[in-house]
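Q: Following this line is start.txt, made up of compact mmCIF, C-alpha atoms:
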# COMPACT_ATOMS: atom_id res chain seq x y z
CA MET A 7 0.00 0.00 0.00
CA THR A 8 1.41 3.39 -0.95
CA GLU A 9 1.77 6.22 1.53
CA GLN A 10 -0.91 8.17 -0.34
CA ALA A 11 -3.29 5.22 -0.10
CA ARG A 12 -2.60 4.93 3.64
CA ASP A 13 -3.19 8.67 4.04
CA THR A 14 -6.47 8.44 2.12
CA GLU A 15 -7.63 5.47 4.20
CA ALA A 16 -6.73 7.34 7.40
CA LEU A 17 -8.66 10.39 6.16
CA ILE A 18 -11.75 8.27 5.42
CA ARG A 19 -11.61 6.53 8.80
CA ASP A 20 -11.24 9.94 10.47
CA GLN A 21 -14.26 11.33 8.58
CA ILE A 22 -16.38 8.32 9.55
CA ALA A 23 -15.28 8.61 13.19
CA LYS A 24 -15.93 12.38 13.40
CA HIS A 25 -19.37 12.46 11.76
CA ALA A 26 -22.19 10.41 13.25
CA VAL A 27 -24.25 10.70 10.04
CA LEU A 28 -22.09 10.90 6.91
CA LEU A 29 -23.07 10.61 3.26
CA TYR A 30 -20.42 9.98 0.62
CA MET A 31 -22.08 11.23 -2.54
CA LYS A 32 -21.61 12.59 -6.03
CA GLY A 33 -22.01 16.35 -5.76
CA THR A 34 -23.39 18.26 -2.78
CA PRO A 35 -26.77 18.22 -1.04
CA GLN A 36 -27.60 21.48 -2.85
CA PHE A 37 -26.39 20.17 -6.24
CA PRO A 38 -26.36 16.35 -6.36
CA GLN A 39 -24.61 15.07 -9.48
CA CYS A 40 -26.54 11.83 -9.89
CA GLY A 41 -30.07 10.59 -9.29
CA PHE A 42 -29.04 8.13 -6.60
CA SER A 43 -27.29 10.86 -4.60
CA ALA A 44 -30.30 13.14 -5.09
CA ARG A 45 -32.66 10.49 -3.69
CA ALA A 46 -30.34 9.84 -0.73
CA VAL A 47 -30.22 13.57 0.08
CA GLU A 48 -34.00 13.82 -0.25
CA ALA A 49 -34.56 11.01 2.27
CA LEU A 50 -32.09 12.50 4.76
CA SER A 51 -33.50 16.00 4.28
CA GLN A 52 -37.02 14.78 5.02
CA ILE A 53 -35.80 13.49 8.39
CA GLY A 54 -34.76 17.05 9.17
CA ARG A 55 -31.53 16.34 11.03
CA PRO A 56 -28.12 17.64 10.04
CA PHE A 57 -25.74 15.30 8.25
CA ALA A 58 -22.21 15.61 6.92
CA TYR A 59 -21.28 14.80 3.35
CA VAL A 60 -18.21 14.28 1.21
CA ASN A 61 -18.35 15.07 -2.51
CA ILE A 62 -16.42 12.16 -4.00
CA LEU A 63 -16.22 13.93 -7.37
CA GLU A 64 -13.88 16.46 -5.73
CA ASN A 65 -11.98 13.67 -3.94
CA PRO A 66 -10.85 11.06 -6.49
CA ASP A 67 -8.63 9.31 -3.93
CA ILE A 68 -11.60 8.84 -1.58
CA ARG A 69 -13.73 7.72 -4.52
CA ALA A 70 -11.16 5.04 -5.37
CA THR A 71 -10.36 3.94 -1.79
CA LEU A 72 -13.71 3.94 0.02
CA PRO A 73 -15.25 1.01 -1.90
CA LYS A 74 -12.30 -1.16 -0.78
CA ILE A 75 -12.71 -0.14 2.87
CA ALA A 76 -16.49 -0.46 2.83
CA ASN A 77 -16.62 -3.54 0.59
CA TRP A 78 -19.37 -1.61 -1.20
CA PRO A 79 -18.73 -0.67 -4.84
CA THR A 80 -21.17 2.16 -5.47
CA PHE A 81 -22.09 5.65 -4.31
CA PRO A 82 -23.77 7.17 -2.45
CA GLN A 83 -22.79 5.47 0.79
CA LEU A 84 -24.47 6.35 4.08
CA TRP A 85 -22.50 5.80 7.28
CA ILE A 86 -24.18 6.12 10.68
CA ASN A 87 -22.26 5.82 13.93
CA GLY A 88 -19.25 4.35 12.12
CA GLU A 89 -21.21 1.66 10.29
CA LEU A 90 -22.05 1.45 6.60
CA ILE A 91 -25.82 1.48 6.17
CA GLY A 92 -25.74 1.15 2.39
CA GLY A 93 -26.56 2.94 -0.82
CA SER A 94 -29.62 4.85 -1.94
CA ASP A 95 -31.80 1.75 -2.54
CA ILE A 96 -31.23 0.48 1.01
CA MET A 97 -31.67 3.99 2.40
CA LEU A 98 -34.98 4.50 0.58
CA ASP A 99 -36.24 1.07 1.61
CA MET A 100 -35.38 1.81 5.26
CA PHE A 101 -36.92 5.29 4.98
CA GLN A 102 -40.19 3.90 3.59
CA LYS A 103 -40.33 1.28 6.36
CA GLY A 104 -39.69 3.95 9.00
CA GLU A 105 -36.36 2.39 10.00
CA LEU A 106 -34.01 5.17 8.84
CA GLN A 107 -35.59 8.07 10.74
CA PRO A 108 -35.01 6.75 14.29
CA LEU A 109 -31.46 5.72 13.39
CA VAL A 110 -30.58 9.18 12.07
CA GLU A 111 -32.39 10.88 14.95
CA GLN A 112 -30.50 8.74 17.48
CA TYR A 113 -27.09 9.85 16.20
CA SER A 114 -27.71 13.31 14.71
CA SER A 115 -28.38 16.28 16.94
CA ALA A 116 -31.65 18.15 16.61
CA PRO A 117 -31.47 21.21 14.36
CA GLU A 118 -30.90 24.47 16.19
CA ALA A 119 -34.12 26.40 16.75
Is it possible to express this structure as structure tokens?

A:
Amino acid sequence: MTEQARDTEALIRDQIAKHAVLLYMKGTPQFPQCGFSARAVEALSQIGRPFAYVNILENPDIRATLPKIANWPTFPQLWINGELIGGSDIMLDMFQKGELQPLVEQYSSAPEA
């Protein structure tokens, strides 16, 4: 493993550790760059709790390294409390079943009034 790869892996692990609800996505919540990322942002936004994100299009090293760490090949990827939840299909399924909201609410602080 190269030093750059180790640095990238350390950066990813740090991001996951620092942010209780973290979405690795294409684009930003304001300007998603693919339909899957847009749907993931929509589900999280409906819950109404803050979440962190990383635009993998601006971070090619993260885009290349994260699938190896997560053992998950596609984006977006939602991480909650250090664990990979899954991509947009899993997120939407959990959202529709009412399973995603309590998980996000448990780990994300309430929005400031």

Q: Identify which of the residues A:Leu28, A:Met100, A:Ala23, A:Leu106 lies closest to Val60 in chain A, counting all atoms listed in the file when measuring atom-to-atom distances.

A: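 Closest candidate: A:Leu28.
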
Q: Name all residues at most 6 Å from range 79-83 of chain A (count all atoms listed in the file; drop same-chain ones fewer than 2 positions away) and give them as a ChimeraX atom specification.

A: /A:29-31,43,73,92-93

Q: Any idea what the distance is between CA of Asn61 in chain A and CA of Gly41 in chain A?

A: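 Here the two named atoms are 14.3 Å from each other.
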
Q: Put the listed atoms of range 75-83 of chain A in a box along x, y and z with 3 Å added on every side and give me the centre and edge lengths in Å to one decimal, as JSON.

A:
{"center_x": -18.2, "center_y": 1.8, "center_z": -1.3, "size_x": 17.1, "size_y": 16.7, "size_z": 14.3}

Q: What is the distance, in Å and to one decimal place, between CA of Glu48 in chain A and CA of Leu98 in chain A?

A: 9.4 Å

Q: Closest to Pro35 in chain A among A:Arg12, A:Gln52, A:Gln107, A:Tyr59, using only C-alpha atoms?

A: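 Result for the nearest residue to Pro35 in chain A: A:Tyr59.
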
Q: Would you mind listing what lies within 12 Å of Glu105 in chain A as a CSV table (one decimal) with C-alpha atoms, keeping the file's coordinate frame, with all atoms listed in the file counted and same-chain residues fewer than 5 positions away left out?

A:
chain,number,residue,atom,x,y,z
A,49,ALA,CA,-34.6,11.0,2.3
A,53,ILE,CA,-35.8,13.5,8.4
A,91,ILE,CA,-25.8,1.5,6.2
A,96,ILE,CA,-31.2,0.5,1.0
A,97,MET,CA,-31.7,4.0,2.4
A,98,LEU,CA,-35.0,4.5,0.6
A,99,ASP,CA,-36.2,1.1,1.6
A,100,MET,CA,-35.4,1.8,5.3
A,110,VAL,CA,-30.6,9.2,12.1
A,111,GLU,CA,-32.4,10.9,15.0
A,112,GLN,CA,-30.5,8.7,17.5

Q: For a test of reading the model, state the distance in Å between CA of Asn65 in chain A and CA of Ser115 in chain A, rounded to one decimal.

A: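 Between CA of Asn65 in chain A and CA of Ser115 in chain A the gap is 26.7 Å.
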
Q: Taking (-11.0, 7.6, 8.3) in the file's coordinates as the center, which residues reach within 12 Å of it, counting all atoms listed in the file, put as a compact mmCIF listing (two decimals) with C-alpha atoms, in the coordinates of the input?

A:
# COMPACT_ATOMS: atom_id res chain seq x y z
CA ALA A 11 -3.29 5.22 -0.10
CA ARG A 12 -2.60 4.93 3.64
CA ASP A 13 -3.19 8.67 4.04
CA THR A 14 -6.47 8.44 2.12
CA GLU A 15 -7.63 5.47 4.20
CA ALA A 16 -6.73 7.34 7.40
CA LEU A 17 -8.66 10.39 6.16
CA ILE A 18 -11.75 8.27 5.42
CA ARG A 19 -11.61 6.53 8.80
CA ASP A 20 -11.24 9.94 10.47
CA GLN A 21 -14.26 11.33 8.58
CA ILE A 22 -16.38 8.32 9.55
CA ALA A 23 -15.28 8.61 13.19
CA LYS A 24 -15.93 12.38 13.40
CA HIS A 25 -19.37 12.46 11.76
CA LEU A 28 -22.09 10.90 6.91
CA ILE A 68 -11.60 8.84 -1.58
CA THR A 71 -10.36 3.94 -1.79
CA LEU A 72 -13.71 3.94 0.02
CA ILE A 75 -12.71 -0.14 2.87
CA ALA A 76 -16.49 -0.46 2.83
CA TRP A 85 -22.50 5.80 7.28
CA GLY A 88 -19.25 4.35 12.12
CA GLU A 89 -21.21 1.66 10.29

Q: Counting only C-alpha atoms, what is within 6 Å of Lys32 in chain A, bar same-chain residues fewer than 4 positions away, as an MDAnalysis selection string?

A: chainID A and resid 39 61:63

Q: Select, from A:Leu90, A:Ala70, A:Cys40, A:Leu109, the residue with the minimum atom-to-atom distance to Arg55 in chain A, counting all atoms listed in the file.

A: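 Selected residue with least distance to Arg55 in chain A: A:Leu109.
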
Q: Point out the residue among A:Lys74, A:Val47, A:Pro56, A:Tyr113 with the least atom-to-atom distance to Gly33 in chain A, counting only C-alpha atoms.

A: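 Of all the options, A:Val47 lies closest to Gly33 in chain A.
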